[in-house]
Structures are given as structure tokens and as C-alpha cells.
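What follows is the content of query_39.pdb, which has PDB, C-alpha atoms:
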```pdb
ATOM      1  CA  MET A   1      39.579 -73.449  50.385
ATOM      2  CA  LEU A   2      40.799 -76.530  48.536
ATOM      3  CA  GLU A   3      41.834 -75.815  44.947
ATOM      4  CA  ILE A   4      42.738 -78.631  42.549
ATOM      5  CA  GLU A   5      44.055 -77.653  39.127
ATOM      6  CA  ASN A   6      44.933 -79.939  36.218
ATOM      7  CA  LEU A   7      45.571 -82.950  38.432
ATOM      8  CA  HIS A   8      46.996 -86.112  36.869
ATOM      9  CA  ALA A   9      47.603 -89.267  38.904
ATOM     10  CA  GLY A  10      47.714 -93.034  38.641
ATOM     11  CA  TYR A  11      49.354 -96.242  39.744
ATOM     12  CA  GLY A  12      52.588 -97.485  38.250
ATOM     13  CA  GLY A  13      52.421 -96.809  34.531
ATOM     14  CA  SER A  14      48.632 -96.537  34.480
ATOM     15  CA  ARG A  15      47.143 -93.039  34.493
ATOM     16  CA  ILE A  16      43.753 -92.766  36.229
ATOM     17  CA  LEU A  17      43.169 -89.011  36.592
ATOM     18  CA  SER A  18      43.416 -86.800  33.524
ATOM     19  CA  GLY A  19      43.428 -83.073  34.187
ATOM     20  CA  VAL A  20      40.991 -82.887  37.120
ATOM     21  CA  SER A  21      40.167 -79.382  38.378
ATOM     22  CA  LEU A  22      37.860 -78.833  41.343
ATOM     23  CA  ASP A  23      37.494 -76.604  44.392
ATOM     24  CA  VAL A  24      35.823 -76.889  47.791
ATOM     25  CA  ARG A  25      34.992 -73.780  49.811
ATOM     26  CA  HIS A  26      34.827 -73.372  53.576
ATOM     27  CA  GLY A  27      31.548 -74.641  54.986
ATOM     28  CA  GLU A  28      30.671 -76.467  51.781
ATOM     29  CA  ILE A  29      30.149 -80.097  50.852
ATOM     30  CA  VAL A  30      31.191 -81.028  47.332
ATOM     31  CA  ALA A  31      30.154 -84.568  46.407
ATOM     32  CA  VAL A  32      32.114 -86.450  43.766
ATOM     33  CA  LEU A  33      29.904 -89.010  42.044
ATOM     34  CA  GLY A  34      30.597 -91.672  39.465
ATOM     35  CA  ARG A  35      30.592 -95.356  38.751
ATOM     36  CA  ASN A  36      33.192 -97.728  40.161
ATOM     37  CA  GLY A  37      36.487 -97.155  38.379
ATOM     38  CA  ALA A  38      35.716 -93.530  37.520
ATOM     39  CA  GLY A  39      38.707 -92.292  39.552
ATOM     40  CA  ARG A  40      36.936 -90.919  42.625
ATOM     41  CA  SER A  41      39.007 -92.726  45.273
ATOM     42  CA  THR A  42      42.155 -92.013  43.281
ATOM     43  CA  LEU A  43      41.295 -88.326  43.540
ATOM     44  CA  ALA A  44      41.096 -88.572  47.333
ATOM     45  CA  ARG A  45      44.406 -90.429  47.553
ATOM     46  CA  ALA A  46      46.087 -87.942  45.235
ATOM     47  CA  VAL A  47      44.982 -84.978  47.341
ATOM     48  CA  MET A  48      46.312 -86.744  50.445
ATOM     49  CA  GLY A  49      49.673 -87.438  48.782
ATOM     50  CA  GLN A  50      49.341 -91.203  48.882
ATOM     51  CA  ILE A  51      50.103 -91.666  45.193
ATOM     52  CA  ALA A  52      52.294 -89.912  42.628
ATOM     53  CA  ARG A  53      50.576 -86.917  41.052
ATOM     54  CA  THR A  54      51.237 -83.855  38.940
ATOM     55  CA  GLY A  55      49.299 -80.618  38.846
ATOM     56  CA  CYS A  56      48.544 -78.045  41.517
ATOM     57  CA  ILE A  57      46.743 -78.634  44.832
ATOM     58  CA  ARG A  58      46.302 -75.718  47.239
ATOM     59  CA  TRP A  59      44.782 -75.705  50.694
ATOM     60  CA  GLN A  60      44.140 -72.323  52.278
ATOM     61  CA  GLY A  61      46.244 -70.703  49.595
ATOM     62  CA  GLN A  62      49.327 -72.881  50.137
ATOM     63  CA  ARG A  63      50.473 -75.603  47.773
ATOM     64  CA  ILE A  64      50.368 -79.090  49.268
ATOM     65  CA  ASP A  65      50.976 -81.202  46.161
ATOM     66  CA  GLY A  66      54.627 -81.657  47.063
ATOM     67  CA  LEU A  67      53.971 -82.731  50.648
ATOM     68  CA  ALA A  68      53.890 -86.172  52.255
ATOM     69  CA  PRO A  69      50.592 -87.441  53.731
ATOM     70  CA  HIS A  70      51.550 -86.682  57.349
ATOM     71  CA  GLU A  71      52.533 -83.138  56.385
ATOM     72  CA  ILE A  72      49.202 -82.612  54.640
ATOM     73  CA  ALA A  73      47.374 -83.893  57.721
ATOM     74  CA  ARG A  74      49.279 -81.405  59.881
ATOM     75  CA  ARG A  75      48.047 -78.598  57.632
ATOM     76  CA  GLY A  76      44.494 -79.375  58.750
ATOM     77  CA  VAL A  77      43.309 -81.963  56.234
ATOM     78  CA  GLY A  78      41.444 -84.978  57.627
ATOM     79  CA  TYR A  79      40.903 -88.175  55.653
ATOM     80  CA  VAL A  80      38.494 -91.067  56.116
ATOM     81  CA  PRO A  81      39.502 -93.752  53.580
ATOM     82  CA  GLU A  82      37.077 -96.183  51.998
ATOM     83  CA  THR A  83      38.735 -99.004  53.963
ATOM     84  CA  ARG A  84      38.203 -97.093  57.276
ATOM     85  CA  ASP A  85      41.627 -98.317  58.505
ATOM     86  CA  VAL A  86      40.773 -98.504  62.198
ATOM     87  CA  PHE A  87      43.257-100.413  64.351
ATOM     88  CA  GLY A  88      41.391-103.575  65.246
ATOM     89  CA  SER A  89      43.601-104.608  68.144
ATOM     90  CA  LEU A  90      43.190-101.227  69.872
ATOM     91  CA  THR A  91      40.164-100.005  71.777
ATOM     92  CA  VAL A  92      37.807 -97.321  70.527
ATOM     93  CA  GLU A  93      39.400 -94.794  72.858
ATOM     94  CA  GLN A  94      42.941 -95.699  71.820
ATOM     95  CA  ASN A  95      41.946 -95.253  68.164
ATOM     96  CA  LEU A  96      40.554 -91.809  68.953
ATOM     97  CA  LEU A  97      43.684 -90.734  70.806
ATOM     98  CA  LEU A  98      45.725 -91.684  67.739
ATOM     99  CA  GLY A  99      43.748 -89.062  65.827
ATOM    100  CA  LEU A 100      45.323 -86.263  67.837
ATOM    101  CA  ARG A 101      48.193 -84.655  65.956
ATOM    102  CA  PRO A 102      51.068 -82.428  67.116
ATOM    103  CA  GLY A 103      50.473 -78.732  66.616
ATOM    104  CA  THR A 104      46.670 -78.797  66.559
ATOM    105  CA  GLY A 105      46.517 -76.810  69.800
ATOM    106  CA  PRO A 106      43.213 -75.709  71.324
ATOM    107  CA  ARG A 107      41.238 -76.571  68.167
ATOM    108  CA  ALA A 108      41.702 -80.292  68.821
ATOM    109  CA  LEU A 109      38.743 -82.173  70.256
ATOM    110  CA  THR A 110      38.827 -83.660  73.723
ATOM    111  CA  LEU A 111      37.487 -87.153  74.328
ATOM    112  CA  ALA A 112      34.494 -85.520  76.004
ATOM    113  CA  ASP A 113      33.852 -83.532  72.814
ATOM    114  CA  ALA A 114      34.128 -86.681  70.721
ATOM    115  CA  TYR A 115      31.783 -88.692  72.903
ATOM    116  CA  GLY A 116      29.343 -85.788  73.031
ATOM    117  CA  ARG A 117      28.997 -85.904  69.266
ATOM    118  CA  PHE A 118      29.279 -89.692  68.918
ATOM    119  CA  ALA A 119      27.428 -91.119  71.898
ATOM    120  CA  GLU A 120      27.497 -94.566  70.263
ATOM    121  CA  LEU A 121      31.264 -94.658  70.719
ATOM    122  CA  GLN A 122      31.230 -93.695  74.381
ATOM    123  CA  THR A 123      29.402 -96.885  75.305
ATOM    124  CA  ARG A 124      32.033 -98.861  73.389
ATOM    125  CA  ARG A 125      35.105 -96.904  74.492
ATOM    126  CA  ASP A 126      36.873 -99.964  75.960
ATOM    127  CA  THR A 127      35.900-102.320  73.127
ATOM    128  CA  ARG A 128      38.489-103.406  70.564
ATOM    129  CA  ALA A 129      37.747-101.878  67.173
ATOM    130  CA  ALA A 130      37.789-105.313  65.528
ATOM    131  CA  ALA A 131      34.697-106.235  67.553
ATOM    132  CA  LEU A 132      32.652-103.269  66.288
ATOM    133  CA  SER A 133      30.010-103.536  63.589
ATOM    134  CA  GLY A 134      30.737-102.034  60.181
ATOM    135  CA  GLY A 135      28.644 -99.000  61.025
ATOM    136  CA  GLU A 136      30.399 -98.489  64.343
ATOM    137  CA  GLN A 137      33.779 -98.760  62.641
ATOM    138  CA  GLN A 138      32.705 -96.099  60.160
ATOM    139  CA  LEU A 139      31.646 -93.760  62.958
ATOM    140  CA  LEU A 140      34.965 -94.432  64.686
ATOM    141  CA  ALA A 141      36.907 -93.628  61.505
ATOM    142  CA  VAL A 142      35.035 -90.337  61.075
ATOM    143  CA  CYS A 143      35.413 -89.379  64.730
ATOM    144  CA  ARG A 144      39.127 -90.216  64.720
ATOM    145  CA  ALA A 145      39.620 -87.920  61.713
ATOM    146  CA  LEU A 146      37.854 -85.119  63.581
ATOM    147  CA  MET A 147      40.041 -85.336  66.692
ATOM    148  CA  ALA A 148      42.491 -82.798  65.233
ATOM    149  CA  ALA A 149      39.609 -80.481  64.191
ATOM    150  CA  PRO A 150      40.483 -80.407  60.473
ATOM    151  CA  GLY A 151      39.397 -77.517  58.298
ATOM    152  CA  LEU A 152      38.987 -79.911  55.373
ATOM    153  CA  LEU A 153      37.619 -83.432  55.616
ATOM    154  CA  ILE A 154      37.917 -85.911  52.750
ATOM    155  CA  VAL A 155      35.468 -88.775  53.190
ATOM    156  CA  ASP A 156      35.607 -91.733  50.800
ATOM    157  CA  GLU A 157      32.437 -93.866  50.489
ATOM    158  CA  PRO A 158      31.309 -93.385  54.106
ATOM    159  CA  THR A 159      27.993 -95.220  53.651
ATOM    160  CA  GLU A 160      29.252 -98.295  51.797
ATOM    161  CA  GLY A 161      27.510-101.389  53.154
ATOM    162  CA  LEU A 162      25.642 -99.520  55.915
ATOM    163  CA  ALA A 163      22.000 -99.911  56.903
ATOM    164  CA  PRO A 164      19.649 -97.011  56.004
ATOM    165  CA  ARG A 165      19.564 -95.802  59.633
ATOM    166  CA  LEU A 166      23.341 -95.399  59.685
ATOM    167  CA  VAL A 167      23.367 -93.805  56.235
ATOM    168  CA  ALA A 168      21.020 -91.159  57.633
ATOM    169  CA  ARG A 169      23.283 -90.766  60.687
ATOM    170  CA  ILE A 170      26.343 -90.181  58.512
ATOM    171  CA  GLY A 171      24.411 -87.626  56.470
ATOM    172  CA  HIS A 172      23.418 -85.789  59.644
ATOM    173  CA  ILE A 173      27.036 -85.718  60.858
ATOM    174  CA  LEU A 174      28.270 -84.329  57.540
ATOM    175  CA  ARG A 175      25.653 -81.566  57.560
ATOM    176  CA  GLU A 176      26.603 -80.643  61.143
ATOM    177  CA  LEU A 177      30.263 -80.381  60.159
ATOM    178  CA  ARG A 178      29.366 -78.260  57.141
ATOM    179  CA  ASP A 179      27.369 -75.920  59.373
ATOM    180  CA  ASP A 180      30.422 -75.679  61.664
ATOM    181  CA  GLY A 181      32.433 -74.346  58.709
ATOM    182  CA  VAL A 182      34.317 -77.516  57.753
ATOM    183  CA  ALA A 183      34.970 -77.977  54.028
ATOM    184  CA  ILE A 184      34.067 -81.512  52.950
ATOM    185  CA  LEU A 185      35.053 -83.446  49.846
ATOM    186  CA  LEU A 186      32.608 -86.347  49.808
ATOM    187  CA  ILE A 187      33.354 -89.333  47.590
ATOM    188  CA  GLU A 188      30.028 -91.094  47.321
ATOM    189  CA  GLN A 189      28.115 -93.527  45.144
ATOM    190  CA  LYS A 190      24.667 -93.043  46.699
ATOM    191  CA  LEU A 191      23.047 -90.302  44.644
ATOM    192  CA  THR A 192      20.343 -89.680  47.239
ATOM    193  CA  LEU A 193      22.786 -88.868  50.048
ATOM    194  CA  ALA A 194      24.871 -86.604  47.844
ATOM    195  CA  MET A 195      21.831 -84.705  46.606
ATOM    196  CA  GLN A 196      20.640 -84.162  50.184
ATOM    197  CA  CYS A 197      23.975 -83.083  51.678
ATOM    198  CA  ALA A 198      26.015 -81.321  49.026
ATOM    199  CA  GLN A 199      25.892 -77.742  47.804
ATOM    200  CA  ARG A 200      27.674 -78.824  44.633
ATOM    201  CA  VAL A 201      28.208 -82.122  42.878
ATOM    202  CA  ALA A 202      30.896 -83.204  40.430
ATOM    203  CA  VAL A 203      30.417 -86.240  38.243
ATOM    204  CA  MET A 204      33.533 -88.176  37.277
ATOM    205  CA  GLY A 205      33.969 -90.572  34.409
ATOM    206  CA  ARG A 206      37.124 -92.117  32.965
ATOM    207  CA  GLY A 207      39.331 -90.037  35.220
ATOM    208  CA  ALA A 208      37.903 -86.620  34.382
ATOM    209  CA  ILE A 209      35.169 -84.284  35.620
ATOM    210  CA  ARG A 210      32.217 -84.637  33.254
ATOM    211  CA  PHE A 211      29.746 -82.386  35.073
ATOM    212  CA  GLU A 212      29.818 -79.842  37.880
ATOM    213  CA  GLY A 213      26.904 -77.919  39.334
ATOM    214  CA  THR A 214      24.274 -77.851  42.039
ATOM    215  CA  PRO A 215      22.146 -80.878  42.896
ATOM    216  CA  ASP A 216      19.247 -79.137  41.151
ATOM    217  CA  ASP A 217      21.389 -78.732  38.028
ATOM    218  CA  LEU A 218      22.150 -82.451  38.034
ATOM    219  CA  ALA A 219      18.498 -83.334  38.577
ATOM    220  CA  LYS A 220      17.676 -81.333  35.437
ATOM    221  CA  THR A 221      20.364 -83.077  33.365
ATOM    222  CA  PRO A 222      19.169 -86.651  32.789
ATOM    223  CA  GLU A 223      21.658 -87.224  29.984
ATOM    224  CA  VAL A 224      24.568 -86.824  32.433
ATOM    225  CA  ARG A 225      23.044 -89.254  34.903
ATOM    226  CA  LYS A 226      22.349 -91.761  32.141
ATOM    227  CA  GLU A 227      25.838 -91.629  30.645
ATOM    228  CA  TRP A 228      27.990 -91.406  33.787
ATOM    229  CA  LEU A 229      25.962 -92.596  36.787
ATOM    230  CA  GLU A 230      23.245 -95.060  35.957
ATOM    231  CA  VAL A 231      24.089 -98.738  35.584
TER     232      VAL A 231
END
```
For this file, write the structure as C-alpha cells.
Amino acid sequence: MLEIENLHAGYGGSRILSGVSLDVRHGEIVAVLGRNGAGRSTLARAVMGQIARTGCIRWQGQRIDGLAPHEIARRGVGYVPETRDVFGSLTVEQNLLLGLRPGTGPRALTLADAYGRFAELQTRRDTRAAALSGGEQQLLAVCRALMAAPGLLIVDEPTEGLAPRLVARIGHILRELRDDGVAILLIEQKLTLAMQCAQRVAVMGRGAIRFEGTPDDLAKTPEVRKEWLEV
């Protein structure tokens, strides 16, 4: 389980997160919604140790808020950033092999496992990542994060700029991972995807959690959607 308590974080002298508390259970998708600038991506980066933060972050009962990003990854936390960050000069297969981490043991995926789940990537295995479409790069970024078989996956805006067919594909992948017992923190702007995939949703605004509940709870709370989600 991921437990975030009273988390504060920001950039330089600017504070973005103000006392965020949230948890994600095993085999659960928690979607974090909000407008641009609400602090959602900052939350993901803070959990991964990419920015200075204060507060308490526990994963599987152990504190990780004092760890560096590579140490957090070795504890079983996978991260797919909004920018995808694939290595354009490397092939699809080389990118996937970079996802393997020391100490993951038999839980790590093999290339056969990866291609079995992402058949689209197998046909492009020798293609440089820079030559992939945006949707293919997103699938590559997700698959690379899964190579070490993380227990927690943080996914930041996975459907940004994708065609509806690929949005549906990403949703299907996330539900499969959830059913496999992976805990998922989904940073997402598309309300429809979040409502279809998540067991719980958290709405952020101005660096704080403004609502938390089930998708049905959010659907019954139009004032929250109007104030913190709708443009």
C-alpha cells in the first residue's frame, strides 16, 4: 500500500502541494483529477523523489520519502512520466531492456512476456523509439516501466494527445494490471477514463485534495466537478 501523509512540495521557493494525504491499496486504481496547474504531476514527482518534499510517504509499510528516485524504483515503484522519456536513439527492445533493474529477480518480465502483452511493440522491436508514433511511444513507456514487475505504478497523463482507440487500449492495460494486483496511481485529465478505470478518485485543486470518493460519489457531486474540474 502507498500511504501519503501531509505532503508538501514545490519548485525553488514556490510551494505547489499543501498537505496532501492519499493512499492507494494493492490491486486498486486511484485516479487523481484536476485542471492544469492543480499539482497532480507535482504529486507524482514528489512520490518518486524527483523534487524536494516534506511529509511522510510509505510504500509497503516502509518510509520512502527520504530516498533517491533510483532507490524508490528498486523498492518496486514504477513511474511513467507525462513526457514518456523514451530514449529516441535506442530501439524499442533496447528501451525495454533498460527497464530491468538489479534485484528484481524472478518477478521481472522477460522480453517474451512484454511482447505477449504488447504485441504492437514486438513488430517494432528493432525500430528506434524516435521513429514511433506518440501512441507507440506511450505503450513503450508503460511496458518499460513494467519490466521490473513493480507493485506500484505511477502513470502521469498516459492518454494525452492519443487517438480514442489508443485511449481505450491504455484503459484496458490499466485494468489488466489492477486485476493482477498492481496498485496504480493514475494522474489523468480525461474524466471518462478515470471514471471507467478507477475504484476511487481524488480531485486536486490549488495543491490540495478537494474531494475523495468513488466514481459514483463524484458523479453525484456536480458542485465539485463545476468548481475543480470543468473549464
Residues matched by the PyMOL selection byres ((chain A and resi 97) around 12), written as a list in words |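 After applying the PyMOL selection byres ((chain A and resi 97) around 12), what remains is Val86, Phe87, Leu90, Thr91, Val92, Glu93, Gln94, Asn95, Leu96, Leu98, Gly99, Leu100, Arg101, Pro102, Ala108, Leu109, Thr110, Leu111, Ala112, Ala114, Arg125, Leu140, Ala141, Cys143, Arg144, Ala145, Leu146, Met147 and Ala148 of chain A.
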Within-8 Å shell of (35.1, -83.6, 36.5) in input frame, all atoms listed in the file, as a PyMOL selection string = chain A and resi 20-22+202-205+207-212
On this file, the PyMOL selection byres ((chain A and resi 163-177) around 10) gives some set of residues; write that set as a PyMOL selection string.
-> chain A and resi 27-29+117-118+134-136+138-139+142-143+146+151-153+155+158-162+178-184+186+190+193-194+196-198
Preceding selection exported with C-alpha atoms as an mmCIF file, in the frame of the given file:
```cif
data_model
loop_
_atom_site.group_PDB
_atom_site.id
_atom_site.type_symbol
_atom_site.label_atom_id
_atom_site.label_comp_id
_atom_site.auth_asym_id
_atom_site.auth_seq_id
_atom_site.Cartn_x
_atom_site.Cartn_y
_atom_site.Cartn_z
ATOM 1 C CA GLY A 27 31.548 -74.641 54.986
ATOM 2 C CA GLU A 28 30.671 -76.467 51.781
ATOM 3 C CA ILE A 29 30.149 -80.097 50.852
ATOM 4 C CA ARG A 117 28.997 -85.904 69.266
ATOM 5 C CA PHE A 118 29.279 -89.692 68.918
ATOM 6 C CA GLY A 134 30.737 -102.034 60.181
ATOM 7 C CA GLY A 135 28.644 -99.000 61.025
ATOM 8 C CA GLU A 136 30.399 -98.489 64.343
ATOM 9 C CA GLN A 138 32.705 -96.099 60.160
ATOM 10 C CA LEU A 139 31.646 -93.760 62.958
ATOM 11 C CA VAL A 142 35.035 -90.337 61.075
ATOM 12 C CA CYS A 143 35.413 -89.379 64.730
ATOM 13 C CA LEU A 146 37.854 -85.119 63.581
ATOM 14 C CA GLY A 151 39.397 -77.517 58.298
ATOM 15 C CA LEU A 152 38.987 -79.911 55.373
ATOM 16 C CA LEU A 153 37.619 -83.432 55.616
ATOM 17 C CA VAL A 155 35.468 -88.775 53.190
ATOM 18 C CA PRO A 158 31.309 -93.385 54.106
ATOM 19 C CA THR A 159 27.993 -95.220 53.651
ATOM 20 C CA GLU A 160 29.252 -98.295 51.797
ATOM 21 C CA GLY A 161 27.510 -101.389 53.154
ATOM 22 C CA LEU A 162 25.642 -99.520 55.915
ATOM 23 C CA ARG A 178 29.366 -78.260 57.141
ATOM 24 C CA ASP A 179 27.369 -75.920 59.373
ATOM 25 C CA ASP A 180 30.422 -75.679 61.664
ATOM 26 C CA GLY A 181 32.433 -74.346 58.709
ATOM 27 C CA VAL A 182 34.317 -77.516 57.753
ATOM 28 C CA ALA A 183 34.970 -77.977 54.028
ATOM 29 C CA ILE A 184 34.067 -81.512 52.950
ATOM 30 C CA LEU A 186 32.608 -86.347 49.808
ATOM 31 C CA LYS A 190 24.667 -93.043 46.699
ATOM 32 C CA LEU A 193 22.786 -88.868 50.048
ATOM 33 C CA ALA A 194 24.871 -86.604 47.844
ATOM 34 C CA GLN A 196 20.640 -84.162 50.184
ATOM 35 C CA CYS A 197 23.975 -83.083 51.678
ATOM 36 C CA ALA A 198 26.015 -81.321 49.026
#
```
Would you list the contacts of Leu218 in chain A as a list in words, taking every protein, DNA or RNA residue within 12 Å and counting all atoms listed in the file, but skipping same-chain residues closer than 2 positions in sequence?
->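 Here the answer would be Ala31, Leu33, Leu191, Thr192, Ala194, Met195, Ala198, Gln199, Arg200, Val201, Ala202, Val203, Arg210, Phe211, Glu212, Gly213, Thr214, Pro215, Asp216, Lys220, Thr221, Pro222, Glu223, Val224, Arg225, Lys226, Trp228 and Leu229 of chain A.
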Smallest atom-to-atom distance to Ser89 in chain A: which of A:Ala52, A:Val77, A:Leu132, A:Ile57, using only C-alpha atoms?
-> A:Leu132
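For the pair CA of Val32 in chain A and CA of Gly61 in chain A, the separation is 21.9 Å.
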Which of these residues is nearest to Gly34 in chain A, using only C-alpha atoms: A:Ala219, A:Arg128, A:Ile64, A:Glu188?
->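 Between A:Ala219, A:Arg128, A:Ile64, A:Glu188, the residue approaching Gly34 in chain A most closely is A:Glu188.
CA of Pro69 in chain A to CA of Thr83 in chain A spans 16.6 Å [interatomic distance, one decimal].
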Apply the PyMOL selection byres ((chain A and resi 66) around 10) to the displayed file and report the matching residues as number ranges by chain.
-> A: 49, 52-57, 63-65, 67-69, 71-72
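Of note, CA of Ala38 in chain A and CA of Arg206 in chain A are spaced 5.0 Å apart.
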So which residues touch Gly12 in chain A within 10 Å, counting all atoms listed in the file, skipping near sequence neighbours fewer than 3 positions away, as a short mmCIF file (atom, residue, chain, number, x, y, z; two decimals) with C-alpha atoms, keeping the file's coordinate frame?
```cif
data_model
loop_
_atom_site.label_atom_id
_atom_site.label_comp_id
_atom_site.auth_asym_id
_atom_site.auth_seq_id
_atom_site.Cartn_x
_atom_site.Cartn_y
_atom_site.Cartn_z
CA ALA A 9 47.60 -89.27 38.90
CA ARG A 15 47.14 -93.04 34.49
CA ILE A 51 50.10 -91.67 45.19
CA ALA A 52 52.29 -89.91 42.63
#
```
